[in-house]
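query03.pdb (PDB, C-alpha atoms)
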```pdb
ATOM      1  CA  SER A   1     218.658 158.554  56.162
ATOM      2  CA  GLN A   2     220.460 160.125  59.074
ATOM      3  CA  GLN A   3     218.061 158.642  61.588
ATOM      4  CA  GLY A   4     219.482 158.482  65.075
ATOM      5  CA  GLU A   5     219.843 155.133  66.749
ATOM      6  CA  GLU A   6     219.311 154.816  70.486
ATOM      7  CA  ASP A   7     221.086 152.287  72.620
ATOM      8  CA  PRO A   8     220.047 150.266  74.516
ATOM      9  CA  GLN A   9     216.609 149.443  73.127
ATOM     10  CA  ALA A  10     215.398 148.703  76.643
ATOM     11  CA  LEU A  11     216.707 149.585  80.096
ATOM     12  CA  SER A  12     215.379 148.425  83.451
ATOM     13  CA  ILE A  13     216.620 149.958  86.737
ATOM     14  CA  GLN A  14     215.605 150.538  90.342
ATOM     15  CA  GLU A  15     214.409 153.864  91.690
ATOM     16  CA  GLY A  16     217.313 156.031  92.773
ATOM     17  CA  GLU A  17     219.715 154.622  90.177
ATOM     18  CA  ASN A  18     221.004 156.599  87.237
ATOM     19  CA  ALA A  19     219.864 155.816  83.703
ATOM     20  CA  THR A  20     222.081 156.411  80.676
ATOM     21  CA  MET A  21     220.856 156.249  77.101
ATOM     22  CA  ASN A  22     222.954 156.759  74.008
ATOM     23  CA  CYS A  23     222.193 158.034  70.541
ATOM     24  CA  SER A  24     224.318 157.713  67.430
ATOM     25  CA  TYR A  25     223.689 159.460  64.127
ATOM     26  CA  LYS A  26     225.193 159.460  60.676
ATOM     27  CA  THR A  27     225.669 162.968  59.289
ATOM     28  CA  SER A  28     226.532 166.493  60.409
ATOM     29  CA  ILE A  29     223.856 168.081  62.510
ATOM     30  CA  ASN A  30     222.702 171.523  63.639
ATOM     31  CA  ASN A  31     221.375 170.237  66.906
ATOM     32  CA  LEU A  32     220.166 167.164  68.710
ATOM     33  CA  GLN A  33     217.040 166.948  70.826
ATOM     34  CA  TRP A  34     215.752 164.409  73.319
ATOM     35  CA  TYR A  35     212.065 163.641  73.742
ATOM     36  CA  ARG A  36     210.096 161.516  76.181
ATOM     37  CA  GLN A  37     206.958 159.547  75.392
ATOM     38  CA  ASN A  38     204.783 158.108  78.092
ATOM     39  CA  SER A  39     202.723 155.083  77.109
ATOM     40  CA  GLY A  40     199.848 156.057  74.835
ATOM     41  CA  ARG A  41     200.796 159.732  74.771
ATOM     42  CA  GLY A  42     202.525 162.199  72.493
ATOM     43  CA  LEU A  43     206.197 163.129  72.642
ATOM     44  CA  VAL A  44     207.368 165.800  75.043
ATOM     45  CA  HIS A  45     210.514 167.819  74.443
ATOM     46  CA  LEU A  46     213.160 167.417  77.154
ATOM     47  CA  ILE A  47     216.299 169.195  76.044
ATOM     48  CA  LEU A  48     218.120 170.531  72.981
ATOM     49  CA  ILE A  49     221.871 170.644  72.521
ATOM     50  CA  ARG A  50     223.479 172.537  69.657
ATOM     51  CA  SER A  51     226.382 171.225  67.625
ATOM     52  CA  ASN A  52     228.798 173.711  69.227
ATOM     53  CA  GLU A  53     227.856 172.594  72.755
ATOM     54  CA  ARG A  54     229.374 169.620  74.549
ATOM     55  CA  GLU A  55     227.196 169.319  77.628
ATOM     56  CA  LYS A  56     223.893 170.639  78.889
ATOM     57  CA  HIS A  57     221.942 170.235  82.107
ATOM     58  CA  SER A  58     218.262 170.540  82.943
ATOM     59  CA  GLY A  59     217.194 169.461  86.411
ATOM     60  CA  ARG A  60     218.029 165.760  86.726
ATOM     61  CA  LEU A  61     218.904 165.523  83.031
ATOM     62  CA  ARG A  62     222.404 165.764  81.628
ATOM     63  CA  VAL A  63     223.041 165.579  77.904
ATOM     64  CA  THR A  64     226.405 165.302  76.221
ATOM     65  CA  LEU A  65     227.262 165.621  72.562
ATOM     66  CA  ASP A  66     230.384 164.375  70.807
ATOM     67  CA  THR A  67     230.240 165.505  67.195
ATOM     68  CA  SER A  68     233.530 163.769  66.347
ATOM     69  CA  LYS A  69     231.942 160.426  67.282
ATOM     70  CA  LYS A  70     228.488 161.489  66.088
ATOM     71  CA  SER A  71     226.961 160.454  69.386
ATOM     72  CA  SER A  72     225.016 161.836  72.319
ATOM     73  CA  SER A  73     224.060 160.531  75.722
ATOM     74  CA  LEU A  74     221.185 161.316  78.031
ATOM     75  CA  LEU A  75     221.727 160.760  81.745
ATOM     76  CA  ILE A  76     218.806 160.790  84.169
ATOM     77  CA  THR A  77     220.049 160.951  87.737
ATOM     78  CA  ALA A  78     218.227 159.603  90.786
ATOM     79  CA  SER A  79     215.528 158.039  88.644
ATOM     80  CA  ARG A  80     211.912 157.766  89.761
ATOM     81  CA  ALA A  81     209.098 155.430  88.783
ATOM     82  CA  ALA A  82     207.538 158.395  86.960
ATOM     83  CA  ASP A  83     210.539 158.434  84.602
ATOM     84  CA  THR A  84     209.282 155.191  83.067
ATOM     85  CA  ALA A  85     208.782 156.056  79.391
ATOM     86  CA  SER A  86     210.334 155.781  75.950
ATOM     87  CA  TYR A  87     213.110 158.231  75.159
ATOM     88  CA  PHE A  88     213.916 159.377  71.640
ATOM     89  CA  CYS A  89     216.729 161.382  70.171
ATOM     90  CA  ALA A  90     215.999 163.585  67.167
ATOM     91  CA  THR A  91     218.526 165.276  64.911
ATOM     92  CA  SER A  92     218.299 168.319  62.702
ATOM     93  CA  ASP A  93     220.338 168.145  59.505
ATOM     94  CA  ARG A  94     223.113 170.752  59.129
ATOM     95  CA  GLY A  95     222.379 170.986  55.429
ATOM     96  CA  SER A  96     218.691 171.741  55.888
ATOM     97  CA  THR A  97     216.965 175.005  56.679
ATOM     98  CA  LEU A  98     213.609 173.337  56.996
ATOM     99  CA  GLY A  99     213.811 172.202  60.593
ATOM    100  CA  ARG A 100     212.991 168.617  59.806
ATOM    101  CA  LEU A 101     213.649 166.247  62.657
ATOM    102  CA  TYR A 102     214.852 162.685  62.228
ATOM    103  CA  PHE A 103     213.917 160.370  65.083
ATOM    104  CA  GLY A 104     215.519 157.199  66.327
ATOM    105  CA  ARG A 105     213.614 154.110  67.403
ATOM    106  CA  GLY A 106     213.820 154.969  71.087
ATOM    107  CA  THR A 107     214.933 153.467  74.385
ATOM    108  CA  GLN A 108     212.251 152.005  76.634
ATOM    109  CA  LEU A 109     213.157 152.873  80.221
ATOM    110  CA  THR A 110     211.461 151.063  83.105
ATOM    111  CA  VAL A 111     212.110 152.282  86.632
ATOM    112  CA  TRP A 112     211.001 149.900  89.369
ATOM    113  CA  PRO A 113     209.899 151.275  92.739
TER
ATOM    114  CA  ASN B   1     196.587 176.543  76.493
ATOM    115  CA  ALA B   2     195.453 173.702  74.247
ATOM    116  CA  GLY B   3     198.741 173.358  72.314
ATOM    117  CA  VAL B   4     198.361 170.789  69.525
ATOM    118  CA  THR B   5     194.990 169.069  69.333
ATOM    119  CA  GLN B   6     194.364 165.944  67.293
ATOM    120  CA  THR B   7     191.029 164.337  66.561
ATOM    121  CA  PRO B   8     189.890 161.627  66.662
ATOM    122  CA  LYS B   9     191.944 159.744  69.263
ATOM    123  CA  PHE B  10     190.908 156.344  67.909
ATOM    124  CA  GLN B  11     189.527 155.258  64.551
ATOM    125  CA  VAL B  12     188.769 151.968  62.835
ATOM    126  CA  LEU B  13     188.430 151.997  59.051
ATOM    127  CA  LYS B  14     187.623 149.392  56.488
ATOM    128  CA  THR B  15     190.033 148.895  53.611
ATOM    129  CA  GLY B  16     189.282 151.410  50.877
ATOM    130  CA  GLN B  17     187.549 153.955  53.072
ATOM    131  CA  SER B  18     188.817 157.505  53.250
ATOM    132  CA  MET B  19     189.055 159.795  56.228
ATOM    133  CA  THR B  20     190.676 162.962  57.527
ATOM    134  CA  LEU B  21     192.750 163.227  60.669
ATOM    135  CA  GLN B  22     192.433 166.677  62.140
ATOM    136  CA  CYS B  23     195.240 168.700  63.678
ATOM    137  CA  ALA B  24     194.992 172.191  65.110
ATOM    138  CA  GLN B  25     197.471 174.327  67.036
ATOM    139  CA  ASP B  26     196.856 177.574  68.872
ATOM    140  CA  MET B  27     200.470 178.734  69.232
ATOM    141  CA  ASN B  28     200.707 180.556  65.868
ATOM    142  CA  HIS B  29     203.426 178.143  64.763
ATOM    143  CA  GLU B  30     204.680 178.298  61.189
ATOM    144  CA  TYR B  31     205.882 174.714  60.945
ATOM    145  CA  MET B  32     203.566 171.715  61.171
ATOM    146  CA  SER B  33     204.178 168.095  60.382
ATOM    147  CA  TRP B  34     202.641 164.627  60.454
ATOM    148  CA  TYR B  35     204.449 161.510  61.622
ATOM    149  CA  ARG B  36     203.470 157.908  61.881
ATOM    150  CA  GLN B  37     204.808 155.674  64.615
ATOM    151  CA  ASP B  38     205.047 151.932  64.126
ATOM    152  CA  PRO B  39     206.515 149.386  66.549
ATOM    153  CA  GLY B  40     210.275 149.205  66.176
ATOM    154  CA  MET B  41     210.328 151.934  63.505
ATOM    155  CA  GLY B  42     210.447 155.153  65.479
ATOM    156  CA  LEU B  43     208.687 158.168  64.007
ATOM    157  CA  ARG B  44     208.628 158.657  60.249
ATOM    158  CA  LEU B  45     207.729 161.937  58.602
ATOM    159  CA  ILE B  46     204.729 161.808  56.261
ATOM    160  CA  HIS B  47     204.176 165.450  55.186
ATOM    161  CA  TYR B  48     205.120 168.835  56.505
ATOM    162  CA  SER B  49     204.245 172.487  56.010
ATOM    163  CA  VAL B  50     206.375 175.595  56.507
ATOM    164  CA  GLY B  51     203.411 177.953  56.396
ATOM    165  CA  ALA B  52     199.885 178.425  55.126
ATOM    166  CA  GLY B  53     199.617 177.304  51.515
ATOM    167  CA  ILE B  54     202.994 175.502  51.521
ATOM    168  CA  THR B  55     203.321 171.756  51.968
ATOM    169  CA  ASP B  56     205.861 169.126  51.021
ATOM    170  CA  GLN B  57     206.444 165.398  51.263
ATOM    171  CA  GLY B  58     208.381 163.626  53.958
ATOM    172  CA  GLU B  59     209.788 160.100  54.021
ATOM    173  CA  VAL B  60     206.546 158.121  53.650
ATOM    174  CA  PRO B  61     203.965 160.279  51.792
ATOM    175  CA  ASN B  62     202.272 157.642  49.641
ATOM    176  CA  GLY B  63     198.574 157.233  50.352
ATOM    177  CA  TYR B  64     198.290 160.545  52.218
ATOM    178  CA  ASN B  65     197.361 164.091  51.235
ATOM    179  CA  VAL B  66     197.667 167.326  53.186
ATOM    180  CA  SER B  67     196.694 170.950  52.798
ATOM    181  CA  ARG B  68     197.362 174.053  54.879
ATOM    182  CA  SER B  69     194.747 176.719  54.288
ATOM    183  CA  THR B  70     195.285 178.402  57.656
ATOM    184  CA  THR B  71     198.177 178.710  60.089
ATOM    185  CA  GLU B  72     196.220 176.791  62.723
ATOM    186  CA  ASP B  73     195.046 173.702  60.859
ATOM    187  CA  PHE B  74     196.903 170.907  59.091
ATOM    188  CA  PRO B  75     194.604 167.980  58.240
ATOM    189  CA  LEU B  76     195.910 164.650  56.969
ATOM    190  CA  ARG B  77     193.757 162.785  54.476
ATOM    191  CA  LEU B  78     193.873 159.069  53.836
ATOM    192  CA  LEU B  79     192.625 158.608  50.316
ATOM    193  CA  SER B  80     191.902 154.864  50.294
ATOM    194  CA  ALA B  81     192.851 153.194  53.554
ATOM    195  CA  ALA B  82     195.031 150.080  53.497
ATOM    196  CA  PRO B  83     195.988 147.726  56.354
ATOM    197  CA  SER B  84     199.590 148.986  55.996
ATOM    198  CA  GLN B  85     198.355 152.366  57.232
ATOM    199  CA  THR B  86     197.445 150.914  60.609
ATOM    200  CA  SER B  87     199.577 153.029  62.901
ATOM    201  CA  VAL B  88     199.638 155.794  65.463
ATOM    202  CA  TYR B  89     199.694 159.221  63.853
ATOM    203  CA  PHE B  90     201.179 162.301  65.477
ATOM    204  CA  CYS B  91     200.876 165.897  64.468
ATOM    205  CA  ALA B  92     203.599 168.302  65.585
ATOM    206  CA  SER B  93     204.232 172.017  65.336
ATOM    207  CA  SER B  94     207.098 174.407  66.010
ATOM    208  CA  TYR B  95     207.321 178.185  65.921
ATOM    209  CA  SER B  96     209.724 178.352  63.005
ATOM    210  CA  PHE B  97     210.963 176.167  60.211
ATOM    211  CA  VAL B  98     214.508 177.227  60.956
ATOM    212  CA  SER B  99     216.256 174.220  62.425
ATOM    213  CA  GLY B 100     216.785 174.154  66.112
ATOM    214  CA  THR B 101     213.284 174.651  67.384
ATOM    215  CA  GLU B 102     211.399 172.512  69.859
ATOM    216  CA  ALA B 103     208.511 170.496  68.439
ATOM    217  CA  PHE B 104     205.178 170.260  70.238
ATOM    218  CA  PHE B 105     203.246 167.054  69.677
ATOM    219  CA  GLY B 106     199.591 166.184  69.813
ATOM    220  CA  GLN B 107     198.343 163.168  71.761
ATOM    221  CA  GLY B 108     198.114 160.995  68.687
ATOM    222  CA  THR B 109     195.447 159.198  66.646
ATOM    223  CA  ARG B 110     195.456 155.423  66.804
ATOM    224  CA  LEU B 111     194.205 154.155  63.441
ATOM    225  CA  THR B 112     193.327 150.574  62.636
ATOM    226  CA  VAL B 113     192.503 149.538  59.080
ATOM    227  CA  VAL B 114     190.745 146.197  58.757
TER
END
```
Can you dump the structure from the file as structure tokens?
Amino acid sequence: SQQGEEDPQALSIQEGENATMNCSYKTSINNLQWYRQNSGRGLVHLILIRSNEREKHSGRLRVTLDTSKKSSSLLITASRAADTASYFCATSDRGSTLGRLYFGRGTQLTVWP
Amino acid sequence: NAGVTQTPKFQVLKTGQSMTLQCAQDMNHEYMSWYRQDPGMGLRLIHYSVGAGITDQGEVPNGYNVSRSTTEDFPLRLLSAAPSQTSVYFCASSYSFVSGTEAFFGQGTRLTVV
């Protein structure tokens, strides 16, 4: 399995601080995506970064990808209590044309007011 | 827009019972899939479909059947429920089966098998 692995498993910060989550994976990928899951809800797509990209921004989100280290990081700047959720990375296999996504176990982020 | 709709939201089954989890999407997406989410395990792919009439197995298909008679619907059938199938089930869709497309998820079905 080329399931991504997020690190840390849990992260607790104060509002206004930055939150950084990391994802490592095992094989060559086409792209890597980050999703957010609020408690009791479905996953919501945040951002996608392709294998030929190194960095991508979306609002307060910054994603980096290092294919040589097979790792990615998600940075949330100026965090808010509403950012409290689980965050998952998902990879798409370079050898597959079927668009299957492989999810990690997630990072539980808690932002305290 | 409704997006991906799953029903029911909650279900309790007795061991050996069968049931169907419904999933419908109104975005004309080709690709649909079912995942289960267990504590500490992330999401694991059960079955997927790349279009009407075409389905295939994912990582954990045993005990589940699927069919795709229309583009919109992708039901998941539990043939004979077991306690090991207690989980939260998510249906997802994306506009193409070509890799690199965003997946849209339903709100989930929380299933308990007693």
Exercise. Kindly indicate which residue among A:Gly4, A:Pro113, A:Cys89, A:Thr77 lies nearest to A:Thr27, using all atoms listed in the file for the distances.
Key: A:Gly4
Quiz prompt | Residue nearest B:Glu30 - candidates B:Gly63, B:Gly58, B:Gly53, B:Pro75, atoms counted: only C-alpha atoms | solution = B:Gly53
Compile a residue-level contact table for chain A against chain B at a cut-off of 9 Å, reporting for every qualifying residue the shortest atom pair and its distance in Å to one decimal, with only C-alpha atoms counted, rows ordered by chain and ascending number, as a Markdown table.
```
| residue | atom | partner | partner_atom | distance |
| --- | --- | --- | --- | --- |
| A:Asn30 | CA | B:Gly100 | CA | 6.9 |
| A:Asn31 | CA | B:Gly100 | CA | 6.1 |
| A:Leu32 | CA | B:Gly100 | CA | 8.2 |
| A:Gln33 | CA | B:Glu102 | CA | 8.0 |
| A:Gly40 | CA | B:Gln107 | CA | 7.9 |
| A:Arg41 | CA | B:Gln107 | CA | 5.2 |
| A:Gly42 | CA | B:Gln107 | CA | 4.4 |
| A:Leu43 | CA | B:Phe105 | CA | 5.7 |
| A:Val44 | CA | B:Phe105 | CA | 6.9 |
| A:His45 | CA | B:Glu102 | CA | 6.6 |
| A:Ile47 | CA | B:Glu102 | CA | 8.6 |
| A:Leu48 | CA | B:Glu102 | CA | 7.7 |
| A:Ile49 | CA | B:Gly100 | CA | 8.9 |
| A:Arg50 | CA | B:Gly100 | CA | 7.7 |
| A:Phe88 | CA | B:Gly42 | CA | 8.2 |
| A:Ser92 | CA | B:Ser99 | CA | 6.3 |
| A:Asp93 | CA | B:Ser99 | CA | 7.9 |
| A:Arg94 | CA | B:Ser99 | CA | 8.4 |
| A:Ser96 | CA | B:Ser99 | CA | 7.4 |
| A:Thr97 | CA | B:Val98 | CA | 5.4 |
| A:Leu98 | CA | B:Phe97 | CA | 5.0 |
| A:Gly99 | CA | B:Ser99 | CA | 3.7 |
| A:Arg100 | CA | B:Ser99 | CA | 7.0 |
| A:Leu101 | CA | B:Leu45 | CA | 8.4 |
| A:Tyr102 | CA | B:Arg44 | CA | 7.7 |
| A:Phe103 | CA | B:Leu43 | CA | 5.8 |
| A:Gly104 | CA | B:Gly42 | CA | 5.5 |
| A:Arg105 | CA | B:Gly42 | CA | 3.8 |
| A:Gly106 | CA | B:Gly42 | CA | 6.5 |
```
Quiz item: If you apply the PyMOL selection byres ((chain A and resi 68) around 12) to this file, what residues do you get, as a ChimeraX atom specification?
Solution: /A:24-29,51-52,54,65-67,69-72
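What separates atom CA of A:Met21 from atom CA of B:Gly3 is a distance of 28.4 Å.
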Quiz item: Neighbours of B:Leu79 within 12 Å (only C-alpha atoms; same-chain residues fewer than 3 positions away dropped), as a PyMOL selection string?
Solution: chain B and resi 13+15-21+61-66+76+82+85
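Taking atom CA of A:Ala85 and atom CA of B:Thr5 as endpoints, the distance between them is 21.5 Å.
Atom pair atom CA of A:Ser79 / atom CA of A:Gly16 has a distance of 4.9 Å (rounded to one decimal).
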Counting only C-alpha atoms, what is within 6 Å of stretch 67-72 of chain B, bar same-chain residues fewer than 4 positions away, as an mmCIF file with C-alpha atoms, keeping the file's coordinate frame?
```
data_model
loop_
_atom_site.group_PDB
_atom_site.id
_atom_site.type_symbol
_atom_site.label_atom_id
_atom_site.label_comp_id
_atom_site.auth_asym_id
_atom_site.auth_seq_id
_atom_site.Cartn_x
_atom_site.Cartn_y
_atom_site.Cartn_z
ATOM 1 C CA ALA B 24 194.992 172.191 65.110
ATOM 2 C CA GLN B 25 197.471 174.327 67.036
ATOM 3 C CA ALA B 52 199.885 178.425 55.126
ATOM 4 C CA GLY B 53 199.617 177.304 51.515
#
```
Practice problem: Please evaluate the PyMOL selection byres ((chain A and resi 112) around 9) against the displayed coordinates and give the resulting residues as a ChimeraX atom specification. | Solution: /A:12-15,80-81,84,110-111,113
Practice problem: Pick out the closest residue to A:Thr107 from this set: A:Leu74, A:Ala82, A:Leu61, A:Leu46. Count all atoms listed in the file. | Solution: A:Leu74
Self-check item: Selection result for the PyMOL selection byres ((chain A and resi 10) around 7) on this file, as a list of chain:residue names
Solution: A:Pro8, A:Gln9, A:Leu11, A:Ser12, A:Thr107, A:Gln108, A:Leu109
